[in-house]
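Text of the file input.cif, holding mmCIF, C-alpha atoms:
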data_input
loop_
_atom_site.label_atom_id
_atom_site.label_comp_id
_atom_site.auth_asym_id
_atom_site.auth_seq_id
_atom_site.Cartn_x
_atom_site.Cartn_y
_atom_site.Cartn_z
CA MET A 63 14.39 107.91 119.70
CA SER A 64 14.51 111.30 118.03
CA THR A 65 13.44 114.51 119.66
CA LEU A 66 10.59 116.72 118.55
CA ASN A 67 13.13 119.24 117.23
CA GLU A 68 14.88 116.59 115.12
CA GLU A 69 11.56 115.36 113.76
CA ILE A 70 10.51 118.87 112.74
CA GLU A 71 13.88 119.50 111.07
CA LYS A 72 13.36 116.35 108.95
CA HIS A 73 10.15 117.74 107.46
CA ILE A 74 11.10 121.37 106.90
CA LYS A 75 12.56 122.10 103.47
CA LYS A 76 14.60 125.18 104.35
CA LEU A 77 15.36 126.21 107.90
CA VAL A 78 17.38 129.41 108.19
CA HIS A 79 17.48 129.82 111.98
CA PRO A 80 17.74 127.18 114.72
CA LEU A 81 14.56 125.96 116.37
CA LYS A 82 13.54 127.16 119.82
CA GLU A 83 14.16 125.09 122.93
CA PRO A 84 11.81 122.08 123.24
CA GLU A 85 9.53 123.64 125.86
CA GLU A 86 9.07 126.87 123.90
CA LEU A 87 8.68 124.95 120.64
CA LEU A 88 5.92 122.81 122.13
CA GLU A 89 4.00 125.92 123.21
CA VAL A 90 4.20 127.33 119.66
CA LEU A 91 3.07 124.02 118.17
CA LYS A 92 0.09 123.82 120.53
CA VAL A 93 -1.14 127.13 119.11
CA LYS A 94 -0.30 126.52 115.44
CA LEU A 95 -1.32 122.86 114.99
CA THR A 96 -4.50 120.91 115.62
CA LYS A 97 -4.47 118.38 118.45
CA LYS A 98 -4.30 115.48 115.99
CA GLU A 99 -1.44 117.08 114.06
CA LEU A 100 0.52 117.62 117.27
CA LYS A 101 -0.14 114.03 118.40
CA LEU A 102 1.02 112.78 114.99
CA LEU A 103 4.22 114.82 115.17
CA LYS A 104 4.95 113.58 118.70
CA ALA A 105 4.30 109.98 117.59
CA TRP A 106 6.77 110.40 114.73
CA ALA A 107 9.34 111.78 117.19
CA ASP A 108 8.76 108.72 119.42
CA GLU A 109 9.16 106.49 116.33
CA THR A 110 5.73 104.94 116.89
CA PRO A 111 4.74 102.53 114.10
CA GLN A 112 2.16 103.87 111.63
CA GLU A 113 -0.40 101.19 112.51
CA ILE A 114 -0.36 102.20 116.17
CA ILE A 115 -0.61 105.90 115.27
CA GLN A 116 -3.62 105.20 113.06
CA THR A 117 -5.32 103.25 115.84
CA ASP A 118 -4.54 105.85 118.52
CA LEU A 119 -5.78 108.72 116.35
CA ASN A 120 -8.68 106.74 114.88
CA LEU A 121 -7.51 107.24 111.28
CA ASP A 122 -7.83 105.04 108.21
CA GLU A 123 -5.04 104.88 105.61
CA THR A 124 -6.47 107.72 103.49
CA ARG A 125 -7.08 110.07 106.42
CA TYR A 126 -3.59 109.32 107.80
CA GLY A 127 -2.07 110.34 104.46
CA GLU A 128 -4.14 113.53 104.34
CA LEU A 129 -3.17 114.46 107.90
CA THR A 130 0.50 113.79 107.18
CA THR A 131 0.45 115.99 104.07
CA LYS A 132 -1.39 118.79 105.87
CA LEU A 133 1.04 118.69 108.81
CA ILE A 134 4.15 118.84 106.62
CA LYS A 135 2.67 121.73 104.62
CA LYS A 136 1.93 123.62 107.84
CA LEU A 137 5.46 123.08 109.15
CA ASN A 138 6.79 124.62 105.95
CA GLN A 139 4.65 127.78 106.07
CA GLU A 140 6.86 130.83 106.62
CA ARG A 141 4.87 132.30 109.50
CA ILE A 142 4.93 128.99 111.37
CA LYS A 143 8.64 128.51 110.71
CA GLN A 144 9.29 132.01 112.04
CA ALA A 145 7.30 131.24 115.19
CA MET A 146 9.26 128.00 115.73
CA CYS A 147 12.69 129.58 115.27
CA ILE A 148 14.82 131.69 117.58
#

Show the structure stored in the file as structure tokens.
Amino acid sequence: MSTLNEEIEKHIKKLVHPLKEPEELLEVLKVKLTKKELKLLKAWADETPQEIIQTDLNLDETRYGELTTKLIKKLNQERIKQAMCI
């Protein structure tokens, strides 16, 4: 099982500074992401299968893809990366 920090690092293209501690990082993510985006990120960190994530978040295949794309784009925005880093 990966941690939230490891999962975020997988999706960020260029990370200059280390991420904050998990508790601080979670607080930043609660402000910067929607509830569904945060739940999706946590599910990825827990290595939950896609089918279960879709059921839990009430998403069809198309909406799951859109949410995934939107989340990864958000994680790569400079102001969000700065907020997540030390």

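Considering the residues A:Ile114, A:Leu100, A:Leu66, A:Leu133 and counting only C-alpha atoms, Glu83 (chain A) has its shortest atom-to-atom contact with A:Leu66.
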
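Picture a line from CA of Asp118 (chain A) to CA of Ile70 (chain A); it runs 20.7 Å.
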
Self-check item: Selection under test: the PyMOL selection byres ((chain A and resi 86) around 12); residues as an NGL selection string
Solution: :A and (66-67 or 81-85 or 87-93 or 145-148)

Practice problem: Would you mind telling me which residue in A:Thr124, A:Gln139, A:Gln144, A:Thr117 lies nearest to Ala105 (chain A) when using only C-alpha atoms? | Solution: A:Thr117

Quiz prompt | From A:Leu102, A:Gly127, A:Leu95, A:Lys143, residue lying nearest Pro80 (chain A) [all atoms listed in the file] | solution =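 Among the listed residues, the smallest separation from Pro80 (chain A) belongs to A:Lys143.
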
Quiz prompt | Shell around Ile134 (chain A) at 10 Å using only C-alpha atoms, local window under 2 positions removed, as a ChimeraX atom specification | solution = /A:70,72-75,99,103,129-132,136-139

Dump of C-alpha atoms for the selected residues, as a short mmCIF file (atom, residue, chain, number, x, y, z; two decimals), in the frame of the given file:
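This went into part-v7.cif:
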data_model
loop_
_atom_site.label_atom_id
_atom_site.label_comp_id
_atom_site.auth_asym_id
_atom_site.auth_seq_id
_atom_site.Cartn_x
_atom_site.Cartn_y
_atom_site.Cartn_z
CA ILE A 70 10.51 118.87 112.74
CA LYS A 72 13.36 116.35 108.95
CA HIS A 73 10.15 117.74 107.46
CA ILE A 74 11.10 121.37 106.90
CA LYS A 75 12.56 122.10 103.47
CA GLU A 99 -1.44 117.08 114.06
CA LEU A 103 4.22 114.82 115.17
CA LEU A 129 -3.17 114.46 107.90
CA THR A 130 0.50 113.79 107.18
CA THR A 131 0.45 115.99 104.07
CA LYS A 132 -1.39 118.79 105.87
CA LYS A 136 1.93 123.62 107.84
CA LEU A 137 5.46 123.08 109.15
CA ASN A 138 6.79 124.62 105.95
CA GLN A 139 4.65 127.78 106.07
#

Quiz item: Which one is closest to Ile115 (chain A): A:Glu128, A:Leu77, A:Lys98, A:Ile142? Count all atoms listed in the file.
Solution: A:Lys98

Quiz prompt | Gap from CA of Glu140 (chain A) to CA of Glu68 (chain A) - Å, one decimal | solution =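 CA of Glu140 (chain A) sits 18.4 Å away from CA of Glu68 (chain A).
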
Quiz item: Quick one: of A:Lys101, A:Lys135, A:Lys76, A:Ala107, who's nearest to Asn120 (chain A), counting all atoms listed in the file?
Solution: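 Ranking A:Lys101, A:Lys135, A:Lys76, A:Ala107 by distance to Asn120 (chain A), first place goes to A:Lys101.
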
Quiz item: Do you have the CA of Glu113 (chain A)-CA of Glu71 (chain A) distance handy?
Solution: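 Calculated distance between CA of Glu113 (chain A) and CA of Glu71 (chain A) is 23.3 Å.
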
Exercise. Counting all atoms listed in the file, find the residues whose atoms lie at most 6 Å from (10.2, 111.8, 115.6) (file coordinates) and write them out as JSON, numbers by chain.
Key: {"A": [64, 65, 66, 69, 106, 107, 108, 109]}

Would you output that residue set with C-alpha atoms, as an mmCIF file, in the frame of the given file?
data_model
loop_
_atom_site.group_PDB
_atom_site.id
_atom_site.type_symbol
_atom_site.label_atom_id
_atom_site.label_comp_id
_atom_site.auth_asym_id
_atom_site.auth_seq_id
_atom_site.Cartn_x
_atom_site.Cartn_y
_atom_site.Cartn_z
ATOM 1 C CA SER A 64 14.510 111.300 118.030
ATOM 2 C CA THR A 65 13.440 114.510 119.660
ATOM 3 C CA LEU A 66 10.590 116.720 118.550
ATOM 4 C CA GLU A 69 11.560 115.360 113.760
ATOM 5 C CA TRP A 106 6.770 110.400 114.730
ATOM 6 C CA ALA A 107 9.340 111.780 117.190
ATOM 7 C CA ASP A 108 8.760 108.720 119.420
ATOM 8 C CA GLU A 109 9.160 106.490 116.330
#

Could you give me the axis-aligned bounding box of region 82-86 of chain A, with 5 Å of padding per side, as centre plus edge lengths in Å to one decimal, as AutoDock Vina command-line options?
--center_x 11.6 --center_y 124.6 --center_z 122.8 --size_x 15.1 --size_y 15.1 --size_z 16.0
